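Trainee: query-v1.cif is the file, holding mmCIF, C-alpha atoms and all ligand atoms:
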```
data_entry
loop_
_atom_site.label_atom_id
_atom_site.label_comp_id
_atom_site.auth_asym_id
_atom_site.auth_seq_id
_atom_site.Cartn_x
_atom_site.Cartn_y
_atom_site.Cartn_z
CA MET S 1 -4.32 -27.77 4.23
CA SER S 2 -7.31 -27.50 1.90
CA MET S 3 -8.60 -24.00 1.26
CA PRO S 4 -12.26 -23.13 0.80
CA LEU S 5 -13.04 -21.63 -2.60
CA LEU S 6 -13.91 -18.02 -3.21
CA SER S 7 -17.44 -17.62 -4.60
CA ARG S 8 -17.40 -15.29 -7.58
CA SER S 9 -19.97 -12.69 -8.60
CA ARG S 10 -20.08 -9.09 -9.85
CA ARG S 11 -19.24 -7.85 -6.36
CA VAL S 12 -15.79 -9.45 -6.53
CA ARG S 13 -14.53 -7.62 -9.56
CA PRO S 14 -12.02 -9.06 -12.06
CA THR S 15 -9.25 -6.81 -13.36
CA PRO S 16 -7.95 -5.98 -16.85
CA PHE S 17 -5.20 -8.57 -16.21
CA SER S 18 -7.28 -11.38 -14.69
CA LYS S 19 -7.08 -13.67 -17.74
CA ARG S 20 -3.28 -13.32 -17.79
CA VAL S 21 -3.05 -13.84 -14.02
CA ASP S 22 -5.10 -17.02 -14.24
CA ALA S 23 -2.97 -18.25 -17.18
CA ALA S 24 0.15 -17.56 -15.08
CA GLY S 25 -1.10 -20.11 -12.55
CA VAL S 26 -2.29 -17.95 -9.67
CA LYS S 27 -2.81 -20.10 -6.56
CA ALA S 28 -4.45 -17.65 -4.13
CA TYR S 29 -6.39 -14.41 -4.22
CA SER S 30 -7.32 -11.83 -1.64
CA VAL S 31 -10.19 -9.37 -2.10
CA TYR S 32 -9.28 -5.67 -1.86
CA ASN S 33 -11.56 -2.76 -2.72
CA HIS S 34 -14.13 -5.35 -3.89
CA MET S 35 -11.65 -6.58 -6.49
CA LEU S 36 -9.40 -9.62 -6.95
CA LEU S 37 -5.83 -9.25 -5.67
CA PRO S 38 -3.56 -12.15 -6.71
CA THR S 39 -1.31 -13.07 -3.76
CA VAL S 40 0.40 -16.43 -4.43
CA PHE S 41 1.79 -17.94 -7.63
CA GLU S 42 4.43 -20.64 -6.95
CA SER S 43 4.41 -20.42 -3.13
CA ALA S 44 4.71 -17.59 -0.60
CA GLU S 45 8.36 -18.57 -0.07
CA ALA S 46 9.34 -19.02 -3.72
CA ASP S 47 7.55 -15.79 -4.74
CA TYR S 48 9.35 -13.89 -1.93
CA HIS S 49 12.84 -15.06 -2.91
CA HIS S 50 12.10 -14.40 -6.59
CA LEU S 51 10.91 -10.85 -5.81
CA LYS S 52 14.15 -10.08 -3.95
CA ARG S 53 16.39 -11.45 -6.74
CA HIS S 54 14.68 -10.84 -10.05
CA VAL S 55 11.63 -8.88 -11.30
CA GLN S 56 7.89 -9.44 -11.06
CA VAL S 57 4.77 -7.99 -12.66
CA TRP S 58 1.97 -7.43 -10.14
CA ASP S 59 -1.72 -7.00 -10.89
CA VAL S 60 -2.50 -4.35 -8.26
CA SER S 61 -5.57 -3.05 -10.10
CA CYS S 62 -7.33 -3.21 -6.73
CA GLU S 63 -5.41 -0.07 -5.76
CA ARG S 64 -8.35 1.82 -7.27
CA GLN S 65 -8.18 5.50 -8.13
CA VAL S 66 -10.50 8.15 -6.76
CA GLU S 67 -10.25 10.96 -9.31
CA LEU S 68 -10.85 14.56 -8.25
CA ALA S 69 -11.26 16.86 -11.26
CA GLY S 70 -12.42 20.46 -11.32
CA ALA S 71 -11.82 23.95 -10.00
CA ASP S 72 -12.15 22.87 -6.34
CA ALA S 73 -10.05 19.68 -6.62
CA ALA S 74 -7.05 21.17 -4.79
CA ARG S 75 -9.24 22.42 -1.95
CA LEU S 76 -10.95 19.04 -1.66
CA VAL S 77 -7.65 17.11 -1.59
CA GLN S 78 -6.45 19.29 1.28
CA MET S 79 -9.68 18.63 3.20
CA LEU S 80 -8.80 14.92 3.16
CA THR S 81 -5.35 15.03 4.71
CA PRO S 82 -3.02 16.67 7.25
CA ARG S 83 -0.23 16.44 4.65
CA ASP S 84 0.39 19.95 3.25
CA PHE S 85 -0.41 20.01 -0.47
CA SER S 86 0.21 23.74 -0.98
CA LYS S 87 3.72 23.23 -2.44
CA VAL S 88 3.13 19.92 -4.25
CA ALA S 89 4.03 19.98 -7.97
CA VAL S 90 2.43 18.22 -10.92
CA GLY S 91 4.43 14.98 -11.37
CA GLN S 92 4.61 14.16 -7.67
CA CYS S 93 3.18 11.14 -5.86
CA LEU S 94 2.60 11.55 -2.13
CA TYR S 95 1.99 8.96 0.54
CA THR S 96 -1.05 10.57 2.17
CA PRO S 97 -2.67 9.75 5.53
CA MET S 98 -6.39 10.56 5.15
CA VAL S 99 -8.45 11.20 8.27
CA ASP S 100 -12.01 11.85 9.41
CA GLU S 101 -13.15 14.63 11.77
CA THR S 102 -11.78 12.72 14.80
CA GLY S 103 -8.33 12.33 13.23
CA GLY S 104 -9.02 8.60 12.61
CA MET S 105 -7.39 6.99 9.59
CA LEU S 106 -9.79 6.52 6.66
CA ASN S 107 -7.16 5.30 4.23
CA ASP S 108 -3.42 5.68 3.45
CA PRO S 109 -3.35 6.23 -0.32
CA VAL S 110 -0.71 7.44 -2.70
CA THR S 111 -1.96 10.72 -4.21
CA LEU S 112 -0.82 11.80 -7.68
CA LYS S 113 -1.05 15.42 -8.73
CA LEU S 114 -1.89 15.15 -12.45
CA ASP S 115 -2.64 18.81 -12.99
CA GLU S 116 -3.44 21.91 -10.93
CA ASP S 117 -7.10 20.84 -10.87
CA ARG S 118 -6.79 17.06 -11.21
CA TYR S 119 -5.67 14.32 -8.77
CA TRP S 120 -5.67 10.54 -8.53
CA VAL S 121 -6.00 9.15 -5.02
CA SER S 122 -4.67 5.57 -5.25
CA ILE S 123 -6.50 4.00 -2.37
CA ALA S 124 -5.89 1.20 0.12
CA ASP S 125 -8.73 -1.12 1.14
CA SER S 126 -11.58 1.14 2.25
CA ASP S 127 -14.46 2.83 0.41
CA LEU S 128 -12.90 6.29 0.39
CA LEU S 129 -14.93 7.29 -2.68
CA PHE S 130 -18.07 7.72 -0.57
CA TRP S 131 -16.36 10.02 1.95
CA VAL S 132 -14.87 12.19 -0.81
CA LYS S 133 -18.17 12.39 -2.70
CA GLY S 134 -19.95 13.30 0.55
CA LEU S 135 -17.53 16.13 1.30
CA ALA S 136 -17.79 17.48 -2.26
CA GLN S 137 -21.60 17.45 -2.12
CA GLY S 138 -21.89 18.74 1.44
CA MET S 139 -19.53 21.63 0.70
CA ALA S 140 -21.12 22.24 -2.75
CA LEU S 141 -17.69 22.07 -4.38
CA ASP S 142 -17.07 22.48 -8.10
CA VAL S 143 -15.41 19.10 -8.59
CA ALA S 144 -16.17 15.71 -10.14
CA VAL S 145 -15.37 12.71 -7.90
CA PHE S 146 -15.38 9.27 -9.51
CA GLU S 147 -13.53 5.98 -10.00
CA PRO S 148 -11.89 6.08 -13.45
CA ASP S 149 -10.97 2.99 -15.52
CA VAL S 150 -7.38 3.05 -14.22
CA SER S 151 -5.57 -0.04 -12.97
CA PRO S 152 -2.05 0.05 -11.56
CA LEU S 153 0.35 -2.62 -12.79
CA ALA S 154 3.47 -2.81 -10.61
CA VAL S 155 6.90 -3.92 -11.78
CA GLN S 156 8.91 -4.76 -8.66
CA GLY S 157 12.30 -6.25 -7.90
CA PRO S 158 16.00 -5.44 -8.48
CA ARG S 159 15.77 -5.92 -12.27
CA SER S 160 12.80 -3.55 -12.64
CA ASP S 161 14.78 -0.75 -14.29
CA ASP S 162 16.18 -3.13 -16.90
CA LEU S 163 12.79 -4.60 -17.75
CA MET S 164 10.99 -1.25 -17.84
CA ALA S 165 13.70 0.31 -20.03
CA ARG S 166 13.06 -2.38 -22.65
CA VAL S 167 9.34 -1.55 -22.81
CA PHE S 168 9.21 2.21 -22.09
CA GLY S 169 12.76 3.26 -23.07
CA GLU S 170 15.80 4.45 -21.15
CA ALA S 171 13.84 7.44 -19.75
CA VAL S 172 12.44 5.21 -16.99
CA ARG S 173 15.86 5.10 -15.34
CA GLY S 174 15.67 8.84 -14.68
CA ILE S 175 12.34 8.77 -12.85
CA ARG S 176 12.91 9.74 -9.20
CA PHE S 177 11.31 8.00 -6.20
CA PHE S 178 7.64 8.96 -5.87
CA ARG S 179 7.66 10.93 -9.13
CA TYR S 180 5.91 9.94 -12.32
CA GLU S 181 6.47 10.65 -15.98
CA LEU S 182 4.23 10.20 -19.02
CA LEU S 183 5.87 7.57 -21.22
CA PRO S 184 4.59 6.11 -24.50
CA PHE S 185 3.89 2.44 -25.21
CA GLN S 186 2.13 1.47 -28.46
CA GLY S 187 1.25 5.11 -29.13
CA HIS S 188 -0.35 5.86 -25.76
CA ASP S 189 1.18 7.87 -22.90
CA PHE S 190 1.06 5.99 -19.58
CA VAL S 191 1.62 7.45 -16.13
CA VAL S 192 4.76 5.62 -14.94
CA ALA S 193 5.85 6.20 -11.33
CA ARG S 194 8.82 4.97 -9.36
CA SER S 195 6.88 3.52 -6.44
CA GLY S 196 5.30 0.29 -5.27
CA TYR S 197 4.37 -1.79 -2.28
CA SER S 198 7.79 -3.40 -1.71
CA LYS S 199 11.28 -2.28 -0.74
CA GLN S 200 12.86 -4.10 -3.69
CA GLY S 201 12.62 -1.12 -6.07
CA GLY S 202 10.38 -0.70 -9.05
CA PHE S 203 7.62 1.12 -10.85
CA GLU S 204 3.87 1.41 -11.08
CA ILE S 205 2.20 1.86 -14.47
CA TYR S 206 -1.27 3.41 -14.16
CA VAL S 207 -3.06 1.60 -16.99
CA ASP S 208 -5.86 3.90 -18.11
CA GLY S 209 -8.22 1.83 -20.25
CA THR S 210 -8.97 -1.84 -19.58
CA GLU S 211 -8.24 -2.68 -23.23
CA ARG S 212 -4.61 -1.54 -22.79
CA GLY S 213 -3.96 -4.04 -20.00
CA GLU S 214 -3.28 -7.29 -21.84
CA PRO S 215 -0.97 -5.80 -24.53
CA LEU S 216 1.14 -4.17 -21.82
CA TRP S 217 1.23 -7.33 -19.68
CA ASP S 218 2.31 -9.38 -22.73
CA ALA S 219 5.02 -6.88 -23.68
CA LEU S 220 6.53 -6.92 -20.17
CA MET S 221 6.47 -10.71 -20.03
CA SER S 222 8.12 -11.23 -23.40
CA ALA S 223 10.68 -8.44 -22.91
CA GLY S 224 11.70 -9.96 -19.59
CA GLU S 225 12.04 -13.62 -20.53
CA ASP S 226 15.82 -13.67 -20.03
CA LEU S 227 15.41 -11.73 -16.75
CA ASP S 228 13.17 -14.53 -15.46
CA VAL S 229 10.24 -12.10 -15.11
CA ARG S 230 7.25 -13.70 -13.40
CA ALA S 231 3.75 -12.80 -12.33
CA GLY S 232 3.71 -11.91 -8.64
CA GLY S 233 1.87 -9.93 -6.04
CA PRO S 234 2.52 -8.02 -2.85
CA SER S 235 4.44 -10.34 -0.50
CA ALA S 236 3.04 -10.24 3.03
CA THR S 237 6.40 -11.37 4.38
CA GLU S 238 8.44 -8.79 2.50
CA ARG S 239 6.12 -5.91 3.35
CA ILE S 240 6.11 -6.82 7.06
CA GLU S 241 9.93 -6.99 7.01
CA ALA S 242 9.91 -3.59 5.30
CA GLY S 243 7.46 -2.06 7.78
CA LEU S 244 5.02 -1.14 5.01
CA LEU S 245 1.63 -0.69 6.65
CA SER S 246 -1.59 -2.35 5.52
CA TYR S 247 -4.85 -0.48 6.09
CA GLY S 248 -7.44 -2.73 7.73
CA ASN S 249 -4.65 -4.88 9.19
CA ASP S 250 -2.15 -2.62 10.97
CA MET S 251 -4.42 0.41 11.27
CA THR S 252 -8.11 1.25 11.19
CA LEU S 253 -10.45 4.17 11.74
CA ASP S 254 -9.57 3.84 15.45
CA ASN S 255 -5.97 4.98 14.86
CA THR S 256 -4.51 8.41 14.24
CA PRO S 257 -1.65 8.91 11.75
CA HIS S 258 0.63 9.52 14.75
CA GLU S 259 -0.20 6.11 16.21
CA CYS S 260 0.63 4.68 12.78
CA GLY S 261 4.05 6.32 12.75
CA LEU S 262 2.90 8.54 9.90
CA GLY S 263 3.51 11.80 11.77
CA ARG S 264 6.37 12.54 9.36
CA PHE S 265 3.78 12.83 6.57
CA CYS S 266 1.64 15.35 8.51
CA GLN S 267 2.07 19.13 8.46
CA THR S 268 -1.14 19.59 10.42
CA ALA S 269 -0.55 23.21 11.44
CA ASP S 270 -0.21 24.22 7.76
CA ALA S 271 -3.04 22.00 6.50
CA VAL S 272 -5.72 24.51 7.39
CA ASP S 273 -8.47 22.90 5.27
CA CYS S 274 -7.96 19.38 6.72
CA VAL S 275 -11.24 18.13 8.22
CA GLY S 276 -9.44 16.37 11.10
CA ARG S 277 -7.08 19.26 11.86
CA ASP S 278 -8.38 20.28 15.31
CA ALA S 279 -8.50 16.67 16.52
CA LEU S 280 -4.96 16.02 15.28
CA LEU S 281 -3.59 19.22 16.86
CA THR S 282 -4.85 17.85 20.19
CA VAL S 283 -3.19 14.48 19.50
CA ILE S 284 0.08 16.25 18.68
CA ALA S 285 -0.09 18.31 21.89
CA GLU S 286 -0.75 15.24 24.04
CA GLY S 287 1.46 12.79 22.11
CA PRO S 288 0.23 9.37 20.96
CA GLN S 289 -0.39 6.72 23.66
CA ARG S 290 0.53 3.85 21.36
CA GLN S 291 2.43 3.42 18.13
CA ILE S 292 3.15 0.84 15.44
CA ARG S 293 6.42 -1.02 15.96
CA SER S 294 8.31 -3.75 14.14
CA LEU S 295 8.52 -6.85 16.32
CA ALA S 296 10.59 -10.04 16.24
CA ILE S 297 8.63 -13.04 17.58
CA GLU S 298 10.57 -16.09 18.78
CA GLY S 299 9.86 -19.72 17.94
CA GLU S 300 8.77 -21.47 14.81
CA ALA S 301 6.61 -20.05 12.03
CA VAL S 302 3.42 -18.37 13.28
CA PRO S 303 0.11 -18.73 11.44
CA PRO S 304 -1.19 -15.59 9.69
CA CYS S 305 -2.70 -12.94 11.98
CA ILE S 306 -6.42 -12.87 11.16
CA GLU S 307 -7.45 -11.36 14.51
CA PRO S 308 -5.21 -9.12 16.62
CA TRP S 309 -2.99 -11.07 19.04
CA PRO S 310 -2.84 -9.59 22.57
CA VAL S 311 0.55 -8.33 23.76
CA THR S 312 1.36 -8.26 27.49
CA VAL S 313 4.25 -7.42 29.79
CA ASN S 314 4.08 -8.96 33.28
CA GLY S 315 0.44 -9.72 32.61
CA GLU S 316 -0.39 -6.08 31.84
CA HIS S 317 -1.94 -5.07 28.50
CA ALA S 318 0.88 -3.76 26.31
CA GLY S 319 -0.66 -3.71 22.83
CA GLN S 320 -1.52 -6.07 19.98
CA VAL S 321 0.13 -7.78 17.02
CA THR S 322 -1.66 -6.95 13.76
CA SER S 323 0.46 -8.67 11.06
CA ALA S 324 3.01 -11.48 11.29
CA ALA S 325 4.88 -13.83 8.96
CA TRP S 326 7.86 -16.14 9.06
CA SER S 327 10.81 -14.30 7.52
CA PHE S 328 12.59 -16.72 5.24
CA ASP S 329 15.70 -14.50 5.11
CA PHE S 330 15.92 -13.51 8.79
CA GLU S 331 14.79 -16.94 10.06
CA CYS S 332 12.47 -15.54 12.71
CA ASN S 333 8.90 -14.25 12.76
CA ALA S 334 8.62 -10.65 11.57
CA ALA S 335 5.61 -8.75 12.86
CA LEU S 336 3.96 -5.37 13.15
CA GLY S 337 1.93 -4.33 16.16
CA MET S 338 0.46 -1.41 18.01
CA ILE S 339 2.45 -1.05 21.26
CA GLU S 340 1.50 1.10 24.28
CA HIS S 341 4.00 3.87 25.05
CA GLU S 342 5.22 2.33 28.34
CA TYR S 343 6.54 -0.62 26.32
CA TRP S 344 7.53 0.74 22.90
CA GLU S 345 11.27 1.36 23.56
CA PRO S 346 13.49 -0.73 21.24
CA GLY S 347 14.71 -3.87 23.00
CA THR S 348 11.67 -4.20 25.27
CA GLN S 349 10.72 -7.86 25.78
CA ILE S 350 7.00 -8.56 25.37
CA MET S 351 4.73 -11.62 25.40
CA VAL S 352 2.52 -12.35 22.38
CA ASP S 353 -0.63 -14.48 22.66
CA ALA S 354 -0.36 -16.26 19.31
CA PRO S 355 -3.18 -18.72 18.44
CA ASP S 356 -0.87 -21.67 19.11
CA GLY S 357 0.44 -20.38 22.44
CA GLN S 358 2.43 -17.62 24.12
CA ARG S 359 5.61 -16.40 22.45
CA VAL S 360 8.46 -14.19 23.62
CA ALA S 361 8.99 -11.21 21.33
CA LYS S 362 11.10 -8.07 21.16
CA VAL S 363 10.33 -4.49 20.12
CA MET S 364 12.69 -3.46 17.31
CA ALA S 365 14.26 -0.07 16.61
CA GLY S 366 12.98 -0.11 13.02
CA ALA S 367 12.00 -2.38 10.17
CA PHE S 368 13.92 -5.56 9.27
CA ILE S 369 14.81 -4.13 5.85
N1 LIG H 1 0.81 2.04 -4.70
C1 LIG H 1 -0.30 2.65 -5.18
N2 LIG H 1 -1.44 2.66 -4.51
C2 LIG H 1 -1.52 2.03 -3.32
C3 LIG H 1 -0.40 1.38 -2.76
C4 LIG H 1 0.79 1.40 -3.49
N3 LIG H 1 -2.69 2.01 -2.66
C5 LIG H 1 -2.86 1.12 -1.56
C6 LIG H 1 -1.63 1.02 -0.70
N4 LIG H 1 -0.47 0.76 -1.54
C7 LIG H 1 -1.44 2.29 0.08
N5 LIG H 1 -0.47 2.14 1.13
C8 LIG H 1 0.88 2.42 0.95
C9 LIG H 1 1.73 2.15 2.01
C10 LIG H 1 3.08 2.42 1.88
C11 LIG H 1 3.57 2.96 0.70
C12 LIG H 1 2.72 3.21 -0.34
C13 LIG H 1 1.37 2.96 -0.21
C14 LIG H 1 5.01 3.29 0.55
N6 LIG H 1 5.66 3.76 1.61
C15 LIG H 1 7.07 4.03 1.62
C16 LIG H 1 7.54 3.93 3.06
O1 LIG H 1 6.72 4.06 3.96
O2 LIG H 1 8.74 3.74 3.25
C17 LIG H 1 7.47 5.37 1.02
C18 LIG H 1 6.74 6.55 1.55
C19 LIG H 1 7.41 7.86 1.17
O3 LIG H 1 8.61 8.02 1.50
O4 LIG H 1 6.75 8.76 0.61
O5 LIG H 1 5.57 3.15 -0.52
O6 LIG H 1 1.84 0.81 -3.09
N7 LIG H 1 -0.23 3.27 -6.36
#
```
What would you get if you wrote out this structure as structure tokens?
Ligand code: THG
Mentor:
Amino acid sequence: MSMPLLSRSRRVRPTPFSKRVDAAGVKAYSVYNHMLLPTVFESAEADYHHLKRHVQVWDVSCERQVELAGADAARLVQMLTPRDFSKVAVGQCLYTPMVDETGGMLNDPVTLKLDEDRYWVSIADSDLLFWVKGLAQGMALDVAVFEPDVSPLAVQGPRSDDLMARVFGEAVRGIRFFRYELLPFQGHDFVVARSGYSKQGGFEIYVDGTERGEPLWDALMSAGEDLDVRAGGPSATERIEAGLLSYGNDMTLDNTPHECGLGRFCQTADAVDCVGRDALLTVIAEGPQRQIRSLAIEGEAVPPCIEPWPVTVNGEHAGQVTSAAWSFDFECNAALGMIEHEYWEPGTQIMVDAPDGQRVAKVMAGAFI
């Protein structure tokens, strides 16, 4: 199938790694936070198998940072989320549902506490910067809110520790999940976290300074030659198998964190400064009416889900599929969908209105991996 081209302009921003990504033979891009996100190199299938067996370097610069710096930064961060930040330590990364005054999801970033008065909010695909600036101005807070020149570079896959140790030293092996350490490369300390948008293990290097991007990319690629390191990107198939959510796909402003299955990241009663606190306390009291579930869809490979696919049971509305992909390892279609509470029990058989016809599907107890 021929693909239309992507028209380029200033609005679709390149990244510090774009020249290297192009040289590596990128075959497809998505646009995320108004920035290029490389998605396919060899093929979706080859990239997926390689990610699960070896190690890849991902240009995820589009996971832009919203920096909060100043005396009121801690107060502002707590206004954004029902996750309790009162006991968070410097060096931690937290998966952070962020909500508006109705309890609707604005974004699901990873938040790094860099200092008592300094945070990076590593955002998914929505313009969170404007909301945070608005709150800071409206509340007359003593805090700077801006997008710094920081671009995450992810190293993902089972050989990530080995590759990273060659570039940043053996200390990388001691970094715990969702913690970061400052580690030197060519005389500069980089924030290196054990995190990333896959379940294959790995790290994210927060590259502060565009000019530091290419030297780091080159060092990872040459250090990993015998590990078969390749350029890669988030694998839609792998992340659907893993149940990793995608903002704008699996959830929107219309969903609460509880509908998204993110209740375990909310301590709403303790998060007294959270803007959406009252709305979420009501949701908690009533219980969510629908929730994200992993689904297995029968039949041959489905096309990508670019509009929600209706889900029914005996002709009754039962929810919608929001992401789907053929799982090369499980040899069935893996999907994520928002399922109404009458139908969300594991094992429930549902019907999915895929673009090429109706499919039988099953609600799963958890993710594929
Ligand atoms: N890394 C960084 N920034 C990001 C992403 C990332 N910004 C955009 C997007 N990804 C934000 N969304 C997610 C979704 C899931 C996870 C991270 C970011 C994730 N979740 C694990 C899970 O759900 O099992 C672990 C959560 C936990 O236990 O704390 O990793 O990937 N920098």
Trainee: So which residues touch Thr15 of chain S within 9 Å, counting all atoms listed in the file, skipping near sequence neighbours fewer than 5 positions away, as a list of chain:residue names?
Mentor: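 Neighbouring residues, sequence-local ones excluded: S:Met35, S:Leu36, S:Leu37, S:Asp59, S:Val60, S:Ser61, S:Cys62, S:Ser151, S:Thr210, S:Gly213.
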Trainee: Keeping C-alpha atoms for every residue in the selection just given, could you write it to a file as an mmCIF file, keeping the file's coordinate frame?
Mentor:
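File written: result_32.cif
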```cif
data_model
loop_
_atom_site.group_PDB
_atom_site.id
_atom_site.type_symbol
_atom_site.label_atom_id
_atom_site.label_comp_id
_atom_site.auth_asym_id
_atom_site.auth_seq_id
_atom_site.Cartn_x
_atom_site.Cartn_y
_atom_site.Cartn_z
ATOM 1 C CA MET S 35 -11.650 -6.580 -6.490
ATOM 2 C CA LEU S 36 -9.400 -9.620 -6.950
ATOM 3 C CA LEU S 37 -5.830 -9.250 -5.670
ATOM 4 C CA ASP S 59 -1.720 -7.000 -10.890
ATOM 5 C CA VAL S 60 -2.500 -4.350 -8.260
ATOM 6 C CA SER S 61 -5.570 -3.050 -10.100
ATOM 7 C CA CYS S 62 -7.330 -3.210 -6.730
ATOM 8 C CA SER S 151 -5.570 -0.040 -12.970
ATOM 9 C CA THR S 210 -8.970 -1.840 -19.580
ATOM 10 C CA GLY S 213 -3.960 -4.040 -20.000
#
```
Trainee: Which centre and edge lengths in Å to one decimal define the box along x, y and z that fits every listed atom of ligand LIG 1 (chain H) plus 3 Å per side, as JSON?
Mentor:
```
{"center_x": 2.9, "center_y": 4.8, "center_z": -1.2, "size_x": 17.6, "size_y": 14.0, "size_z": 16.3}
```
Trainee: Nearest to ligand LIG 1 (chain H) among S:Ser294, S:Thr256, S:Thr111, S:Ser30, with distances taken over only C-alpha atoms and all ligand atoms: which residue is it?
Mentor: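 Under the stated criterion, the closest residue is S:Thr111.
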Trainee: Name all residues at most 9 Å from Val302 of chain S (count only C-alpha atoms; drop same-chain ones fewer than 3 positions away) and give them as an NGL selection string.
Mentor: :S and (297 or 299 or 305 or 324-326 or 333 or 354-356)
Trainee: Could I get the residue neighbourhood of ligand LIG 1 (chain H) at 10 Å, counting only C-alpha atoms and all ligand atoms, as a VMD selection string?
Mentor: chain S and resid 32 to 33 60 to 65 93 to 97 107 to 112 120 to 126 151 to 154 177 to 178 193 to 199 201 203 to 206 234 239 242 to 247 261 to 262 264 to 265 367
Trainee: What would segment 10-15 of chain S look like with all heavy atoms in place, written as a PDB file, in the frame of the given file?
Mentor:
```pdb
ATOM      1  N   ARG S  10     -20.434 -10.460  -9.430  1.00  0.00           N
ATOM      2  CA  ARG S  10     -20.080  -9.090  -9.850  1.00  0.00           C
ATOM      3  C   ARG S  10     -19.415  -8.300  -8.738  1.00  0.00           C
ATOM      4  O   ARG S  10     -18.623  -7.395  -8.982  1.00  0.00           O
ATOM      5  CB  ARG S  10     -21.353  -8.317 -10.249  1.00  0.00           C
ATOM      6  CG  ARG S  10     -21.794  -8.533 -11.659  1.00  0.00           C
ATOM      7  CD  ARG S  10     -22.858  -7.496 -12.028  1.00  0.00           C
ATOM      8  NE  ARG S  10     -22.310  -6.200 -12.371  1.00  0.00           N
ATOM      9  CZ  ARG S  10     -23.032  -5.083 -12.428  1.00  0.00           C
ATOM     10  NH1 ARG S  10     -24.310  -5.087 -12.128  1.00  0.00           N
ATOM     11  NH2 ARG S  10     -22.470  -3.943 -12.770  1.00  0.00           N
ATOM     12  N   ARG S  11     -19.786  -8.631  -7.465  1.00  0.00           N
ATOM     13  CA  ARG S  11     -19.240  -7.850  -6.360  1.00  0.00           C
ATOM     14  C   ARG S  11     -17.742  -8.037  -6.177  1.00  0.00           C
ATOM     15  O   ARG S  11     -17.088  -7.204  -5.588  1.00  0.00           O
ATOM     16  CB  ARG S  11     -19.968  -8.215  -5.051  1.00  0.00           C
ATOM     17  CG  ARG S  11     -21.406  -7.735  -4.977  1.00  0.00           C
ATOM     18  CD  ARG S  11     -22.002  -8.018  -3.606  1.00  0.00           C
ATOM     19  NE  ARG S  11     -22.021  -9.432  -3.295  1.00  0.00           N
ATOM     20  CZ  ARG S  11     -21.076 -10.082  -2.596  1.00  0.00           C
ATOM     21  NH1 ARG S  11     -20.057  -9.426  -2.088  1.00  0.00           N
ATOM     22  NH2 ARG S  11     -21.185 -11.370  -2.369  1.00  0.00           N
ATOM     23  N   VAL S  12     -17.236  -9.179  -6.618  1.00  0.00           N
ATOM     24  CA  VAL S  12     -15.790  -9.450  -6.530  1.00  0.00           C
ATOM     25  C   VAL S  12     -15.233  -9.250  -7.936  1.00  0.00           C
ATOM     26  O   VAL S  12     -15.218 -10.170  -8.751  1.00  0.00           O
ATOM     27  CB  VAL S  12     -15.529 -10.859  -5.984  1.00  0.00           C
ATOM     28  CG1 VAL S  12     -14.033 -11.117  -5.864  1.00  0.00           C
ATOM     29  CG2 VAL S  12     -16.201 -11.029  -4.614  1.00  0.00           C
ATOM     30  N   ARG S  13     -14.813  -8.032  -8.189  1.00  0.00           N
ATOM     31  CA  ARG S  13     -14.530  -7.620  -9.560  1.00  0.00           C
ATOM     32  C   ARG S  13     -13.251  -8.236 -10.116  1.00  0.00           C
ATOM     33  O   ARG S  13     -12.238  -8.266  -9.427  1.00  0.00           O
ATOM     34  CB  ARG S  13     -14.417  -6.091  -9.619  1.00  0.00           C
ATOM     35  CG  ARG S  13     -15.677  -5.379  -9.178  1.00  0.00           C
ATOM     36  CD  ARG S  13     -15.503  -3.861  -9.206  1.00  0.00           C
ATOM     37  NE  ARG S  13     -14.671  -3.365  -8.116  1.00  0.00           N
ATOM     38  CZ  ARG S  13     -14.340  -2.079  -7.965  1.00  0.00           C
ATOM     39  NH1 ARG S  13     -14.746  -1.175  -8.853  1.00  0.00           N
ATOM     40  NH2 ARG S  13     -13.595  -1.700  -6.949  1.00  0.00           N
ATOM     41  N   PRO S  14     -13.282  -8.694 -11.392  1.00  0.00           N
ATOM     42  CA  PRO S  14     -12.020  -9.060 -12.060  1.00  0.00           C
ATOM     43  C   PRO S  14     -11.279  -7.785 -12.453  1.00  0.00           C
ATOM     44  O   PRO S  14     -11.796  -6.678 -12.300  1.00  0.00           O
ATOM     45  CB  PRO S  14     -12.481  -9.838 -13.278  1.00  0.00           C
ATOM     46  CG  PRO S  14     -13.835  -9.290 -13.600  1.00  0.00           C
ATOM     47  CD  PRO S  14     -14.434  -8.792 -12.307  1.00  0.00           C
ATOM     48  N   THR S  15     -10.060  -7.951 -12.958  1.00  0.00           N
ATOM     49  CA  THR S  15      -9.250  -6.810 -13.360  1.00  0.00           C
ATOM     50  C   THR S  15      -8.935  -6.915 -14.851  1.00  0.00           C
ATOM     51  O   THR S  15      -9.201  -7.956 -15.469  1.00  0.00           O
ATOM     52  CB  THR S  15      -7.912  -6.772 -12.582  1.00  0.00           C
ATOM     53  OG1 THR S  15      -6.974  -7.646 -13.248  1.00  0.00           O
ATOM     54  CG2 THR S  15      -8.081  -7.209 -11.130  1.00  0.00           C
TER      55      THR S  15
END
```
